[in-house]
file start09.cif (mmCIF, C-alpha atoms)
data_my_file
#
loop_
_atom_site.label_atom_id
_atom_site.label_comp_id
_atom_site.auth_asym_id
_atom_site.auth_seq_id
_atom_site.Cartn_x
_atom_site.Cartn_y
_atom_site.Cartn_z
CA MET A 24 0.00 0.00 0.00
CA THR A 25 1.32 3.43 -0.86
CA ALA A 26 0.79 6.40 1.39
CA THR A 27 -0.16 9.84 0.23
CA ILE A 28 1.71 12.60 2.03
CA GLU A 29 -0.41 15.70 2.56
CA PRO A 30 1.95 18.72 2.73
CA THR A 31 -0.53 21.34 3.96
CA ILE A 32 -2.28 21.89 7.25
CA ILE A 33 -6.00 21.28 7.01
CA LYS A 34 -7.72 23.93 9.14
CA ASP A 35 -11.07 22.20 9.43
CA CYS A 36 -10.64 19.53 12.03
CA LEU A 37 -13.68 17.29 12.10
CA PRO A 38 -15.07 16.64 15.57
CA SER A 39 -14.85 13.10 16.84
CA ALA A 40 -15.87 11.11 19.90
CA SER A 41 -13.47 10.49 22.77
CA ALA A 42 -10.35 8.41 22.20
CA ARG A 43 -10.47 4.68 22.83
CA LEU A 44 -7.20 4.39 24.67
CA SER A 45 -5.63 2.15 27.29
CA LEU A 46 -2.31 2.99 28.97
CA ALA A 47 -0.12 0.93 31.27
CA PRO A 48 -0.45 1.99 34.92
CA THR A 49 2.04 4.57 36.17
CA GLY A 50 5.01 2.91 37.83
CA SER A 51 4.51 -0.47 36.14
CA VAL A 52 7.49 -2.48 34.91
CA PRO A 53 8.63 -1.10 31.53
CA ALA A 54 7.39 -3.03 28.50
CA LEU A 55 7.76 -2.88 24.73
CA LEU A 56 4.35 -1.20 24.54
CA ASP A 57 2.94 1.53 26.74
CA GLY A 58 -0.66 0.80 25.86
CA ALA A 59 -3.12 0.55 23.00
CA TRP A 60 -5.16 2.90 20.84
CA TRP A 61 -8.31 1.84 18.98
CA PRO A 62 -9.05 4.57 16.42
CA ARG A 63 -12.50 4.83 14.83
CA SER A 64 -11.12 5.24 11.30
CA ARG A 65 -7.92 5.27 9.27
CA ASP A 66 -8.10 9.05 8.88
CA LEU A 67 -5.18 10.57 10.79
CA LEU A 68 -6.58 14.10 10.40
CA ARG A 69 -9.63 13.03 12.36
CA GLU A 70 -7.97 10.62 14.78
CA ILE A 71 -4.81 12.44 15.93
CA PRO A 72 -6.69 15.39 17.51
CA THR A 73 -8.87 12.98 19.49
CA LEU A 74 -5.83 11.05 20.66
CA THR A 75 -3.81 14.13 21.63
CA ASN A 76 -6.79 15.67 23.45
CA ALA A 77 -6.94 12.57 25.62
CA LEU A 78 -3.19 12.53 26.30
CA ASP A 79 -2.15 16.19 26.50
CA ALA A 80 -3.80 16.77 29.87
CA CYS A 81 -2.72 13.57 31.61
CA TRP A 82 0.61 12.75 29.96
CA GLY A 83 2.06 15.83 28.32
CA ARG A 84 1.70 17.78 25.09
CA ILE A 85 2.16 15.51 22.06
CA THR A 86 4.38 17.22 19.49
CA HIS A 87 5.23 14.42 17.06
CA VAL A 88 3.56 11.21 15.88
CA THR A 89 5.13 8.53 13.71
CA VAL A 90 3.30 5.73 11.93
CA ASN A 91 4.02 3.01 9.40
CA PRO A 92 2.13 3.80 6.16
CA ALA A 93 0.96 0.19 5.76
CA HIS A 94 -2.39 0.91 7.44
CA TRP A 95 -2.81 4.65 6.86
CA PRO A 96 -3.91 5.66 3.32
CA VAL A 97 -3.12 9.38 3.80
CA ILE A 98 -0.41 10.72 6.09
CA PRO A 99 -0.56 14.49 6.69
CA ARG A 100 2.70 16.24 7.56
CA LYS A 101 1.01 18.43 10.19
CA VAL A 102 -2.25 18.10 12.07
CA PRO A 103 -3.81 21.03 13.95
CA VAL A 104 -4.95 20.10 17.45
CA ALA A 105 -6.17 22.14 20.40
CA GLY A 106 -3.62 24.91 20.94
CA HIS A 107 -0.78 23.57 18.80
CA THR A 108 0.26 21.51 15.77
CA VAL A 109 1.36 17.89 15.77
CA HIS A 110 4.02 16.90 13.24
CA VAL A 111 3.49 13.50 11.64
CA GLY A 112 6.24 11.30 10.24
CA TRP A 113 6.33 7.81 8.85
CA PHE A 114 8.77 4.92 8.57
CA ALA A 115 7.94 2.08 6.21
CA ASP A 116 10.81 -0.21 7.23
CA GLY A 117 11.87 0.78 10.72
CA GLN A 118 8.51 0.91 12.50
CA ASP A 119 6.09 -1.89 13.33
CA PRO A 120 3.02 -1.43 11.09
CA ASN A 121 0.72 -2.02 14.08
CA LYS A 122 2.29 0.65 16.28
CA VAL A 123 2.13 4.41 16.63
CA ILE A 124 4.89 6.36 18.40
CA LEU A 125 3.97 9.55 20.25
CA LEU A 126 6.61 12.07 21.30
CA SER A 127 6.44 14.86 23.85
CA TYR A 128 9.23 17.35 24.54
CA THR A 129 8.45 17.36 28.24
CA VAL A 130 7.73 13.70 29.00
CA GLY A 131 9.30 11.49 26.36
CA ARG A 132 7.88 8.72 24.22
CA LEU A 133 4.83 6.44 24.17
CA ASP A 134 4.63 3.35 21.96
CA LEU A 135 1.04 2.25 21.40
CA LEU A 136 -0.46 -0.77 19.71
CA VAL A 137 -2.89 0.40 17.01
CA ILE A 138 -5.98 -1.77 16.98
CA PRO A 139 -7.65 -1.71 13.54
CA PRO A 140 -10.92 0.30 13.56
CA GLU A 141 -12.93 -2.65 12.27
CA THR A 142 -11.92 -4.91 15.18
CA GLU A 143 -14.77 -6.45 17.18
CA PRO A 144 -15.14 -5.00 20.71
CA ALA A 145 -14.26 -8.27 22.49
CA ALA A 146 -11.05 -8.65 20.49
CA ALA A 147 -10.19 -4.98 21.03
CA ALA A 148 -10.64 -5.41 24.79
CA ARG A 149 -8.27 -8.41 24.80
CA LEU A 150 -5.69 -6.49 22.77
CA MET A 151 -5.93 -3.43 25.04
CA ALA A 152 -5.35 -5.61 28.09
CA ALA A 153 -2.41 -7.41 26.45
CA ALA A 154 -0.77 -4.11 25.40
CA THR A 155 -0.84 -2.75 28.96
CA PHE A 156 0.66 -5.88 30.53
CA SER A 157 3.40 -4.86 32.94
CA GLY A 158 6.80 -5.96 31.64
CA GLY A 159 5.28 -7.23 28.38
CA ILE A 160 7.77 -8.39 25.77
CA ARG A 161 5.37 -8.87 22.85
CA THR A 162 5.60 -6.48 19.91
CA ALA A 163 2.52 -4.86 18.42
CA SER A 164 2.55 -7.22 15.42
CA ALA A 165 3.04 -10.24 17.69
CA LEU A 166 -0.03 -9.26 19.73
CA MET A 167 -2.06 -8.86 16.53
CA ALA A 168 -0.85 -12.26 15.29
CA ASP A 169 -1.73 -13.88 18.64
CA GLU A 170 -5.23 -12.42 18.45
CA ALA A 171 -5.67 -13.67 14.86
CA VAL A 172 -4.62 -17.20 15.87
CA GLY A 173 -6.97 -17.11 18.85
CA HIS A 174 -9.80 -15.82 16.66
CA ASP A 175 -9.23 -18.58 14.08
CA ALA A 176 -9.19 -21.26 16.80
CA ALA A 177 -12.39 -19.88 18.36
CA GLU A 178 -14.06 -19.78 14.95
CA ALA A 179 -13.06 -23.40 14.25
CA ARG A 180 -14.45 -24.48 17.66
CA SER A 181 -17.66 -22.59 16.96
CA GLN A 182 -18.06 -24.27 13.56
CA GLU A 183 -17.40 -27.68 15.10
CA GLU A 184 -19.95 -27.06 17.87
CA GLU A 185 -22.49 -25.90 15.29
CA TRP A 186 -21.85 -29.04 13.23
CA GLU A 187 -22.33 -31.23 16.32
CA THR A 188 -25.50 -29.37 17.26
CA ASP A 189 -26.91 -29.87 13.76
CA GLY A 190 -26.46 -33.64 13.96
CA GLY A 191 -22.80 -33.80 12.93
CA ALA A 192 -21.05 -37.03 13.95
CA SER A 193 -24.20 -38.77 15.17
CA ARG A 194 -25.49 -38.85 11.58
CA PHE A 195 -22.46 -40.81 10.46
CA GLY A 196 -23.10 -44.18 12.15
CA GLY A 197 -23.29 -47.29 9.98
CA ARG A 198 -24.81 -47.17 6.48
CA SER A 199 -26.21 -43.63 6.82
CA ARG A 200 -22.61 -42.40 6.79
CA ASP A 201 -21.96 -44.31 3.59
CA ARG A 202 -25.01 -42.79 1.92
CA ASP A 203 -24.05 -39.31 3.10
CA LEU A 204 -20.63 -39.76 1.55
CA GLY A 205 -22.20 -40.71 -1.80
CA PHE A 206 -21.32 -44.43 -1.96
CA ARG A 207 -23.63 -46.90 -3.70
CA PRO A 208 -24.81 -49.78 -1.42
CA GLU A 209 -23.10 -52.46 -3.57
CA GLU A 210 -19.75 -50.63 -3.23
CA VAL A 211 -20.15 -50.52 0.51
CA ARG A 212 -20.92 -54.22 0.75
CA MET A 213 -17.92 -55.05 -1.40
CA TRP A 214 -15.60 -53.06 0.86
CA ARG A 215 -17.04 -54.58 4.01
CA GLN A 216 -16.60 -58.21 2.94
CA PRO A 217 -13.82 -60.02 4.76
CA SER A 218 -10.57 -60.15 2.88
CA PRO A 219 -9.79 -63.53 1.25
CA TRP A 220 -6.13 -63.01 2.13
CA PRO A 221 -4.88 -64.38 5.47
#
call {"tool": "encode", "arguments": {"input": "start09.cif", "output": "structure tokens"}}
result
Amino acid sequence: MTATIEPTIIKDCLPSASARLSLAPTGSVPALLDGAWWPRSRDLLREIPTLTNALDACWGRITHVTVNPAHWPVIPRKVPVAGHTVHVGWFADGQDPNKVILLSYTVGRLDLLVIPPETEPAAAARLMAAATFSGGIRTASALMADEAVGHDAAEARSQEEEWETDGGASRFGGRSRDRDLGFRPEEVRMWRQPSPWP
């Protein structure tokens, strides 16, 4: 995916709801991630002001944001937020595509897992909890991969349970199984005859 770099400041900042954000508790053991952010869209012009509004008061004024362009179709160079401008940069190779880095002159750096906007609420809650784990050593992409594997396993269990509920294995006893598999009765009898070989 290619990213479009928007060189101008857009003065009309669209209003958005509050940020869906989870940060590691203050004083917790340092980890690879400091928390998670679940934006409502892939529009950085709309999402960065919401994120900085949530963080400026409790963490410190955000001055720079870096992203990987893999998941962001348009990357503006500057985004106006309440009282200042946030500079946006991107790194295609050096930054995890599922992470956003926030910088503040006064406080330092926050690394946040970016949960895709289309993620189901239950999965987002699990990811937010995993990203705030004290002393966590999982990268943003590793957490996303873990969630995908867990989702696939849960979906397979659900399909198996549905199959069992609909009659599944109980239908396949004796000759009914043979008919369900499309065998003709004479073929079945031939296969079931004892072997003439000792």
call {"tool": "atom_distance", "arguments": {"input": "start09.cif", "atom1": "CA of Val90 in chain A", "atom2": "CA of Ala115 in chain A"}}
result
8.2 Å
call {"tool": "resolve_selection", "arguments": {"input": "start09.cif", "expression": "the PyMOL selection byres ((chain A and resi 151) around 12)", "output": "VMD selection string"}}
result
chain A and resid 43 to 47 56 to 61 135 to 139 142 144 to 150 152 to 156 163 166 to 167 170
call {"tool": "atom_distance", "arguments": {"input": "start09.cif", "atom1": "CA of Thr89 in chain A", "atom2": "CA of Ser157 in chain A"}}
result
23.5 Å
call {"tool": "atom_distance", "arguments": {"input": "start09.cif", "atom1": "CA of Asn121 in chain A", "atom2": "CA of His94 in chain A"}}
result
7.9 Å
call {"tool": "residues_around", "arguments": {"input": "start09.cif", "residues": "range 74-77 of chain A", "least_positions_apart": "3", "cutoff": "12 Å", "atoms": "all atoms listed in the file", "output": "PyMOL selection string"}}
result
chain A and resi 38-46+59-63+67-71+80-88+102-110+123-127+133+135+137
call {"tool": "closest_residue", "arguments": {"input": "start09.cif", "among": "A:Asp119, A:Pro92, A:Pro53, A:Ser64", "to": "Ile160 in chain A", "atoms": "all atoms listed in the file"}}
result
A:Pro53
call {"tool": "axis_aligned_box", "arguments": {"input": "start09.cif", "around": "range 49-55 of chain A", "padding_each_side": "4 Å", "output": "AutoDock Vina command-line options"}}
result
--center_x 5.3 --center_y 0.8 --center_z 31.3 --size_x 14.6 --size_y 15.6 --size_z 21.1
call {"tool": "closest_residue", "arguments": {"input": "start09.cif", "among": "A:Glu141, A:Leu78, A:Trp95, A:Gly159", "to": "Lys122 in chain A", "atoms": "only C-alpha atoms"}}
result
A:Trp95
call {"tool": "build_atoms", "arguments": {"input": "start09.cif", "residues": "range 77-112 of chain A", "atoms": "N, CA and C atoms", "output": "PDB file, keeping the file's coordinate frame"}}
result
ATOM      1  N   ALA A  77      -6.881  13.491  24.485  1.00  0.00           N
ATOM      2  CA  ALA A  77      -6.940  12.570  25.620  1.00  0.00           C
ATOM      3  C   ALA A  77      -5.613  12.524  26.377  1.00  0.00           C
ATOM      4  N   LEU A  78      -4.498  12.681  25.669  1.00  0.00           N
ATOM      5  CA  LEU A  78      -3.190  12.530  26.300  1.00  0.00           C
ATOM      6  C   LEU A  78      -2.551  13.821  26.792  1.00  0.00           C
ATOM      7  N   ASP A  79      -2.818  14.934  26.136  1.00  0.00           N
ATOM      8  CA  ASP A  79      -2.150  16.190  26.500  1.00  0.00           C
ATOM      9  C   ASP A  79      -2.324  16.541  27.973  1.00  0.00           C
ATOM     10  N   ALA A  80      -3.526  16.380  28.484  1.00  0.00           N
ATOM     11  CA  ALA A  80      -3.800  16.770  29.870  1.00  0.00           C
ATOM     12  C   ALA A  80      -3.165  15.823  30.880  1.00  0.00           C
ATOM     13  N   CYS A  81      -3.186  14.525  30.598  1.00  0.00           N
ATOM     14  CA  CYS A  81      -2.720  13.570  31.610  1.00  0.00           C
ATOM     15  C   CYS A  81      -1.279  13.105  31.397  1.00  0.00           C
ATOM     16  N   TRP A  82      -0.719  13.279  30.223  1.00  0.00           N
ATOM     17  CA  TRP A  82       0.610  12.750  29.960  1.00  0.00           C
ATOM     18  C   TRP A  82       1.606  13.824  29.558  1.00  0.00           C
ATOM     19  N   GLY A  83       1.165  14.788  28.816  1.00  0.00           N
ATOM     20  CA  GLY A  83       2.060  15.830  28.320  1.00  0.00           C
ATOM     21  C   GLY A  83       1.743  16.130  26.869  1.00  0.00           C
ATOM     22  N   ARG A  84       2.039  17.346  26.449  1.00  0.00           N
ATOM     23  CA  ARG A  84       1.700  17.780  25.090  1.00  0.00           C
ATOM     24  C   ARG A  84       2.407  16.925  24.038  1.00  0.00           C
ATOM     25  N   ILE A  85       1.627  16.306  23.166  1.00  0.00           N
ATOM     26  CA  ILE A  85       2.160  15.510  22.060  1.00  0.00           C
ATOM     27  C   ILE A  85       2.604  16.467  20.955  1.00  0.00           C
ATOM     28  N   THR A  86       3.853  16.336  20.531  1.00  0.00           N
ATOM     29  CA  THR A  86       4.380  17.220  19.490  1.00  0.00           C
ATOM     30  C   THR A  86       4.622  16.491  18.167  1.00  0.00           C
ATOM     31  N   HIS A  87       4.940  15.206  18.251  1.00  0.00           N
ATOM     32  CA  HIS A  87       5.230  14.420  17.060  1.00  0.00           C
ATOM     33  C   HIS A  87       4.553  13.045  17.158  1.00  0.00           C
ATOM     34  N   VAL A  88       4.131  12.549  15.994  1.00  0.00           N
ATOM     35  CA  VAL A  88       3.560  11.210  15.880  1.00  0.00           C
ATOM     36  C   VAL A  88       4.233  10.541  14.692  1.00  0.00           C
ATOM     37  N   THR A  89       4.620   9.274  14.864  1.00  0.00           N
ATOM     38  CA  THR A  89       5.130   8.530  13.710  1.00  0.00           C
ATOM     39  C   THR A  89       4.298   7.269  13.536  1.00  0.00           C
ATOM     40  N   VAL A  90       4.079   6.914  12.279  1.00  0.00           N
ATOM     41  CA  VAL A  90       3.300   5.730  11.930  1.00  0.00           C
ATOM     42  C   VAL A  90       4.022   4.978  10.811  1.00  0.00           C
ATOM     43  N   ASN A  91       3.596   3.767  10.577  1.00  0.00           N
ATOM     44  CA  ASN A  91       4.020   3.010   9.400  1.00  0.00           C
ATOM     45  C   ASN A  91       2.894   3.177   8.389  1.00  0.00           C
ATOM     46  N   PRO A  92       3.191   3.522   7.134  1.00  0.00           N
ATOM     47  CA  PRO A  92       2.130   3.800   6.160  1.00  0.00           C
ATOM     48  C   PRO A  92       1.325   2.583   5.714  1.00  0.00           C
ATOM     49  N   ALA A  93       1.652   1.401   6.199  1.00  0.00           N
ATOM     50  CA  ALA A  93       0.960   0.190   5.760  1.00  0.00           C
ATOM     51  C   ALA A  93      -0.549   0.257   6.003  1.00  0.00           C
ATOM     52  N   HIS A  94      -0.968   0.894   7.093  1.00  0.00           N
ATOM     53  CA  HIS A  94      -2.390   0.910   7.440  1.00  0.00           C
ATOM     54  C   HIS A  94      -3.034   2.295   7.361  1.00  0.00           C
ATOM     55  N   TRP A  95      -2.295   3.291   6.914  1.00  0.00           N
ATOM     56  CA  TRP A  95      -2.810   4.650   6.860  1.00  0.00           C
ATOM     57  C   TRP A  95      -2.769   5.142   5.412  1.00  0.00           C
ATOM     58  N   PRO A  96      -3.907   5.289   4.742  1.00  0.00           N
ATOM     59  CA  PRO A  96      -3.910   5.660   3.320  1.00  0.00           C
ATOM     60  C   PRO A  96      -3.383   7.070   3.050  1.00  0.00           C
ATOM     61  N   VAL A  97      -3.609   8.012   3.962  1.00  0.00           N
ATOM     62  CA  VAL A  97      -3.120   9.380   3.800  1.00  0.00           C
ATOM     63  C   VAL A  97      -2.394   9.775   5.087  1.00  0.00           C
ATOM     64  N   ILE A  98      -1.186  10.295   4.923  1.00  0.00           N
ATOM     65  CA  ILE A  98      -0.410  10.720   6.090  1.00  0.00           C
ATOM     66  C   ILE A  98      -0.129  12.219   5.945  1.00  0.00           C
ATOM     67  N   PRO A  99      -0.816  13.038   6.745  1.00  0.00           N
ATOM     68  CA  PRO A  99      -0.560  14.490   6.690  1.00  0.00           C
ATOM     69  C   PRO A  99       0.767  14.800   7.367  1.00  0.00           C
ATOM     70  N   ARG A 100       1.434  15.852   6.917  1.00  0.00           N
ATOM     71  CA  ARG A 100       2.700  16.240   7.560  1.00  0.00           C
ATOM     72  C   ARG A 100       2.450  16.947   8.900  1.00  0.00           C
ATOM     73  N   LYS A 101       1.365  17.704   8.966  1.00  0.00           N
ATOM     74  CA  LYS A 101       1.010  18.430  10.190  1.00  0.00           C
ATOM     75  C   LYS A 101      -0.486  18.303  10.417  1.00  0.00           C
ATOM     76  N   VAL A 102      -0.833  18.186  11.702  1.00  0.00           N
ATOM     77  CA  VAL A 102      -2.250  18.100  12.070  1.00  0.00           C
ATOM     78  C   VAL A 102      -2.520  19.142  13.154  1.00  0.00           C
ATOM     79  N   PRO A 103      -3.469  20.061  12.910  1.00  0.00           N
ATOM     80  CA  PRO A 103      -3.810  21.030  13.950  1.00  0.00           C
ATOM     81  C   PRO A 103      -4.620  20.351  15.054  1.00  0.00           C
ATOM     82  N   VAL A 104      -4.216  20.606  16.283  1.00  0.00           N
ATOM     83  CA  VAL A 104      -4.950  20.100  17.450  1.00  0.00           C
ATOM     84  C   VAL A 104      -5.172  21.271  18.389  1.00  0.00           C
ATOM     85  N   ALA A 105      -5.844  21.049  19.477  1.00  0.00           N
ATOM     86  CA  ALA A 105      -6.170  22.140  20.400  1.00  0.00           C
ATOM     87  C   ALA A 105      -4.910  22.854  20.891  1.00  0.00           C
ATOM     88  N   GLY A 106      -4.699  24.075  20.440  1.00  0.00           N
ATOM     89  CA  GLY A 106      -3.620  24.910  20.940  1.00  0.00           C
ATOM     90  C   GLY A 106      -2.258  24.729  20.305  1.00  0.00           C
ATOM     91  N   HIS A 107      -2.081  23.755  19.446  1.00  0.00           N
ATOM     92  CA  HIS A 107      -0.780  23.570  18.800  1.00  0.00           C
ATOM     93  C   HIS A 107      -0.911  22.681  17.564  1.00  0.00           C
ATOM     94  N   THR A 108       0.219  22.365  16.975  1.00  0.00           N
ATOM     95  CA  THR A 108       0.260  21.510  15.770  1.00  0.00           C
ATOM     96  C   THR A 108       1.095  20.278  16.074  1.00  0.00           C
ATOM     97  N   VAL A 109       0.622  19.141  15.620  1.00  0.00           N
ATOM     98  CA  VAL A 109       1.360  17.890  15.770  1.00  0.00           C
ATOM     99  C   VAL A 109       2.001  17.559  14.428  1.00  0.00           C
ATOM    100  N   HIS A 110       3.301  17.281  14.441  1.00  0.00           N
ATOM    101  CA  HIS A 110       4.020  16.900  13.240  1.00  0.00           C
ATOM    102  C   HIS A 110       3.932  15.378  13.089  1.00  0.00           C
ATOM    103  N   VAL A 111       3.676  14.930  11.884  1.00  0.00           N
ATOM    104  CA  VAL A 111       3.490  13.500  11.640  1.00  0.00           C
ATOM    105  C   VAL A 111       4.590  13.003  10.693  1.00  0.00           C
ATOM    106  N   GLY A 112       5.229  11.933  11.072  1.00  0.00           N
ATOM    107  CA  GLY A 112       6.240  11.300  10.240  1.00  0.00           C
ATOM    108  C   GLY A 112       5.881   9.841  10.016  1.00  0.00           C
TER     109      GLY A 112
END
